[in-house]
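A.B. asks: What follows is data-v3.cif, mmCIF, C-alpha atoms.
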data_structure
#
loop_
_atom_site.label_atom_id
_atom_site.label_comp_id
_atom_site.auth_asym_id
_atom_site.auth_seq_id
_atom_site.Cartn_x
_atom_site.Cartn_y
_atom_site.Cartn_z
CA LEU A 35 -9.21 27.79 -49.56
CA ASP A 36 -8.85 26.57 -46.01
CA GLU A 37 -5.35 28.09 -46.01
CA LEU A 38 -6.48 31.60 -46.97
CA SER A 39 -5.95 33.91 -44.00
CA LYS A 40 -8.39 36.55 -42.91
CA ASP A 41 -5.76 39.20 -43.70
CA ASP A 42 -5.48 37.87 -47.26
CA PHE A 43 -9.26 37.91 -47.49
CA LEU A 44 -9.38 41.55 -46.36
CA ARG A 45 -6.63 42.53 -48.81
CA ILE A 46 -8.48 40.94 -51.75
CA LEU A 47 -11.78 42.60 -50.77
CA LYS A 48 -10.04 45.97 -51.21
CA ALA A 49 -8.73 45.10 -54.68
CA PRO A 50 -10.19 46.69 -57.81
CA GLY A 51 -11.96 44.70 -60.51
CA LEU A 52 -13.65 41.32 -60.14
CA ALA A 53 -11.29 39.89 -57.52
CA PRO A 54 -13.59 40.67 -54.54
CA VAL A 55 -16.62 39.13 -56.28
CA GLN A 56 -14.69 36.01 -57.29
CA LEU A 57 -13.28 35.74 -53.77
CA MET A 58 -16.71 35.90 -52.17
CA LYS A 59 -17.96 33.21 -54.55
CA ALA A 60 -14.89 31.07 -53.86
CA ILE A 61 -14.99 31.04 -50.06
CA PHE A 62 -18.59 29.81 -49.92
CA GLN A 63 -18.51 26.34 -51.41
CA PRO A 64 -21.21 23.67 -51.64
CA CYS A 65 -21.04 21.13 -48.86
CA GLN A 66 -23.27 18.11 -49.24
CA LEU A 67 -24.61 17.02 -45.86
CA VAL A 68 -24.68 13.22 -45.88
CA TYR A 69 -24.44 11.41 -42.58
CA TRP A 70 -25.41 8.33 -40.62
CA GLU A 71 -28.02 8.10 -37.88
CA GLU A 72 -28.80 5.12 -35.75
CA THR A 73 -32.46 4.23 -35.40
CA ARG A 74 -33.44 1.18 -33.34
CA GLY A 75 -29.95 -0.25 -33.65
CA GLU A 76 -29.84 0.18 -37.42
CA LEU A 77 -27.63 2.58 -39.37
CA ARG A 78 -29.57 4.84 -41.71
CA ARG A 79 -28.00 7.09 -44.30
CA ARG A 80 -29.33 10.65 -44.35
CA LYS A 81 -28.89 13.39 -46.91
CA ALA A 82 -30.03 16.97 -46.41
CA LEU A 83 -32.21 17.74 -49.43
CA ALA A 84 -34.96 19.97 -48.02
CA GLY A 85 -35.71 22.04 -44.99
CA HIS A 86 -37.56 25.00 -43.60
CA VAL A 87 -35.82 28.21 -44.70
CA ASN A 88 -36.28 31.79 -43.50
CA VAL A 89 -38.81 33.48 -45.81
CA GLU A 90 -37.24 36.94 -45.51
CA THR A 91 -33.64 36.08 -46.35
CA ASN A 92 -34.05 32.71 -48.12
CA LEU A 93 -31.07 31.66 -45.98
CA ASN A 94 -30.50 29.68 -42.83
CA LEU A 95 -27.22 30.42 -41.12
CA THR A 96 -25.43 28.71 -38.29
CA GLU A 97 -21.94 27.86 -37.12
CA GLY A 98 -20.87 24.28 -37.22
CA PRO A 99 -18.20 21.69 -37.92
CA HIS A 100 -16.05 21.70 -41.02
CA CYS A 101 -17.66 19.84 -43.90
CA ARG A 102 -14.59 17.62 -44.06
CA LEU A 103 -15.42 16.18 -40.60
CA ILE A 104 -18.98 15.33 -41.55
CA LYS A 105 -17.76 13.66 -44.75
CA ALA A 106 -15.13 11.67 -42.83
CA HIS A 107 -17.78 10.34 -40.43
CA PHE A 108 -19.93 9.36 -43.39
CA ARG A 109 -17.09 7.58 -45.23
CA ASN A 110 -16.23 5.65 -42.06
CA LYS A 111 -19.90 4.81 -41.38
CA LYS A 112 -19.76 6.62 -38.05
CA VAL A 113 -22.90 8.07 -36.52
CA ILE A 114 -22.65 11.84 -36.13
CA ASN A 115 -22.33 13.14 -32.58
CA SER A 116 -25.01 15.14 -30.78
CA ASP A 117 -23.32 18.50 -31.54
CA THR A 118 -23.29 17.77 -35.28
CA SER A 119 -26.86 16.56 -35.13
CA ALA A 120 -27.88 19.78 -33.35
CA PHE A 121 -26.02 21.78 -36.02
CA ILE A 122 -27.94 20.06 -38.83
CA THR A 123 -31.25 20.51 -37.00
CA GLN A 124 -30.54 24.19 -36.49
CA LEU A 125 -29.41 24.67 -40.09
CA LEU A 126 -32.32 22.75 -41.62
CA PRO A 127 -35.16 22.58 -39.13
CA SER A 128 -37.89 20.04 -39.82
CA GLN A 129 -40.49 22.03 -37.88
CA LYS A 130 -42.30 24.78 -39.71
CA SER A 131 -42.98 28.24 -38.37
CA SER A 132 -44.73 31.35 -39.63
CA ARG A 133 -41.32 32.71 -40.75
CA THR A 134 -40.19 29.69 -42.78
CA LYS A 135 -41.01 27.86 -45.98
CA PHE A 136 -40.23 24.23 -46.81
CA VAL A 137 -38.01 24.08 -49.90
CA PRO A 138 -35.26 22.04 -51.55
CA VAL A 139 -31.92 23.22 -50.18
CA SER A 140 -28.27 23.45 -51.06
CA THR A 141 -25.84 23.71 -48.18
CA PHE A 142 -22.68 25.80 -48.31
CA MET A 143 -19.74 26.30 -46.02
CA CYS A 144 -17.54 29.35 -45.58
CA HIS A 145 -13.91 28.30 -45.70
CA ILE A 146 -12.62 31.22 -43.65
CA PRO A 147 -13.59 30.79 -40.00
CA TRP A 148 -15.36 33.59 -38.17
CA VAL A 149 -15.46 36.14 -41.02
CA HIS A 150 -19.03 36.93 -40.04
CA LYS A 151 -17.89 38.06 -36.58
CA ASP A 152 -15.04 40.32 -37.66
CA LEU A 153 -15.85 44.03 -37.88
CA ARG A 154 -12.90 44.52 -40.25
CA VAL A 155 -14.64 42.23 -42.74
CA LEU A 156 -17.89 44.20 -42.58
CA VAL A 157 -16.01 47.46 -43.09
CA ALA A 158 -14.04 45.97 -46.01
CA ILE A 159 -17.27 44.77 -47.63
CA ALA A 160 -18.86 48.21 -47.19
CA ASP A 161 -15.78 49.88 -48.69
CA CYS A 162 -15.30 47.31 -51.47
CA PRO A 163 -14.67 49.07 -54.79
CA ASN A 164 -16.82 46.55 -56.67
CA LYS A 165 -20.42 46.85 -55.48
CA GLU A 166 -21.29 43.61 -57.31
CA VAL A 167 -19.88 41.89 -54.23
CA PHE A 168 -23.23 42.61 -52.52
CA GLU A 169 -25.00 40.37 -55.05
CA THR A 170 -23.08 37.25 -53.97
CA ASP A 171 -24.66 34.68 -51.66
CA GLY A 172 -21.54 34.78 -49.50
CA CYS A 173 -21.86 38.49 -48.90
CA ARG A 174 -25.57 38.12 -48.18
CA ALA A 175 -24.80 35.41 -45.65
CA ILE A 176 -22.12 37.46 -43.87
CA ILE A 177 -24.37 40.51 -43.67
CA ALA A 178 -27.44 38.50 -42.62
CA TRP A 179 -25.55 36.92 -39.75
#
Could you render the structure as structure tokens?
C.D. replies:
Amino acid sequence: LDELSKDDFLRILKAPGLAPVQLMKAIFQPCQLVYWEETRGELRRRKALAGHVNVETNLNLTEGPHCRLIKAHFRNKKVINSDTSAFITQLLPSQKSSRTKFVPVSTFMCHIPWVHKDLRVLVAIADCPNKEVFETDGCRAIIAW
């Protein structure tokens, strides 16, 4: 999936049948957030299982590092850097607000960088021959961004 180009993505979105729906499901894959933090000189394993989520969209969205990098740090027992920590905090805030609810979460990653910022992608989604594409979590995430 990481090798799929944005042009290929756009071409498949224009295809008839189930291809666009399957594509949208395929590019958003689960990414378990497990990482190490150091607290008082001691390594502590963390796993993102719950967080405050937007009540309107039931989604939290943010840009961040590739899941592969977070997993590599975990495997090597390396503490995540401040940018990755900020990414996780932004994705799954621990502080509640009037616009969030605290729920169990599943984290996903889009395997095609910057699709949410490309106008061609939004136009291709709008023109997609299979309107079921709008029911996918990936499509909801791109549009909500």
A.B. asks: Spell out the residues picked by the PyMOL selection byres ((chain A and resi 111-117) around 9) here, as an MDAnalysis selection string.
C.D. replies: chainID A and resid 69:72 77 79 98:99 104 106:110 118:122
A.B. asks: Find the distance between CA of Met143 (chain A) and CA of Asp171 (chain A) and write it in Å to one decimal.
C.D. replies: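 So the two atoms, CA of Met143 (chain A) and CA of Asp171 (chain A), lie 11.2 Å apart.
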A.B. asks: Convert the output of the PyMOL selection byres ((chain A and resi 127) around 10) on the shown file into explicit residues, formatted as a list in words.
C.D. replies: Ala84, Gly85, His86, Val87, Asn94, Ala120, Phe121, Ile122, Thr123, Gln124, Leu125, Leu126, Ser128, Gln129, Lys130, Ser131, Thr134 and Phe136 of chain A
A.B. asks: Could you spell out the hits of the PyMOL selection byres ((chain A and resi 36) around 7) on the shown file, as a list in words?
C.D. replies: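 On this input, the PyMOL selection byres ((chain A and resi 36) around 7) captures Leu35, Glu37, Leu38, His145 and Ile146 of chain A.
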A.B. asks: Can you measure CA of Val155 (chain A) to CA of Ile177 (chain A) for me? One decimal in Å is fine.
C.D. replies: 9.9 Å
A.B. asks: Name the closest residue to Gln63 (chain A) among the candidates A:Trp148, A:Trp179, A:Cys101, A:Ala158; distances are taken between atoms, counting all atoms listed in the file.
C.D. replies: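 That would be A:Cys101, the residue with the smallest distance to Gln63 (chain A).
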A.B. asks: For Asp41 (chain A), list every protein, DNA or RNA residue within 10 Å, evaluated using only C-alpha atoms, and leave out those in the same chain fewer than 4 positions away; present the list as number ranges by chain.
C.D. replies: A: 45-47, 154-155
A.B. asks: So which residues touch Asn164 (chain A) within 8 Å, counting all atoms listed in the file, skipping near sequence neighbours fewer than 5 positions away, as a list in words?
C.D. replies: Pro50, Gly51, Leu52, Pro54 and Val55 of chain A
A.B. asks: Those same residues, written as an mmCIF file, in the coordinates of the input with C-alpha atoms?
C.D. replies:
data_model
loop_
_atom_site.group_PDB
_atom_site.id
_atom_site.type_symbol
_atom_site.label_atom_id
_atom_site.label_comp_id
_atom_site.auth_asym_id
_atom_site.auth_seq_id
_atom_site.Cartn_x
_atom_site.Cartn_y
_atom_site.Cartn_z
ATOM 1 C CA PRO A 50 -10.190 46.690 -57.810
ATOM 2 C CA GLY A 51 -11.960 44.700 -60.510
ATOM 3 C CA LEU A 52 -13.650 41.320 -60.140
ATOM 4 C CA PRO A 54 -13.590 40.670 -54.540
ATOM 5 C CA VAL A 55 -16.620 39.130 -56.280
#
A.B. asks: Taking only C-alpha atoms into account, name the residue in A:Val89, A:Cys162, A:Ile176, A:Val68 that is nearest to Pro147 (chain A).
C.D. replies: A:Ile176
A.B. asks: Quick one: pull the distance between CA of Glu76 (chain A) and CA of Arg102 (chain A), Å, one decimal.
C.D. replies: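 Going from CA of Glu76 (chain A) over to CA of Arg102 (chain A) covers 24.1 Å.
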A.B. asks: In file coordinates, which residues lie within 6 Å of (-28.1, 33.2, -44.5) using only C-alpha atoms, given as a list in words?
C.D. replies: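 Residues with an atom close enough to that point: Leu93, Asn94, Leu95, Ala175 and Ala178 of chain A.
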A.B. asks: Please, could you write that set of residues out with C-alpha atoms as an mmCIF file, keeping the file's coordinate frame?
C.D. replies:
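Once written, result-v5.cif looks like this:
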data_model
loop_
_atom_site.group_PDB
_atom_site.id
_atom_site.type_symbol
_atom_site.label_atom_id
_atom_site.label_comp_id
_atom_site.auth_asym_id
_atom_site.auth_seq_id
_atom_site.Cartn_x
_atom_site.Cartn_y
_atom_site.Cartn_z
ATOM 1 C CA LEU A 93 -31.070 31.660 -45.980
ATOM 2 C CA ASN A 94 -30.500 29.680 -42.830
ATOM 3 C CA LEU A 95 -27.220 30.420 -41.120
ATOM 4 C CA ALA A 175 -24.800 35.410 -45.650
ATOM 5 C CA ALA A 178 -27.440 38.500 -42.620
#
A.B. asks: Out of A:Ala60, A:Leu44, A:Ser140, A:Thr73, which residue has the shortest atom-to-atom distance to Asn92 (chain A) when counting all atoms listed in the file?
C.D. replies: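 Comparing A:Ala60, A:Leu44, A:Ser140, A:Thr73 against Asn92 (chain A), the winner is A:Ser140.
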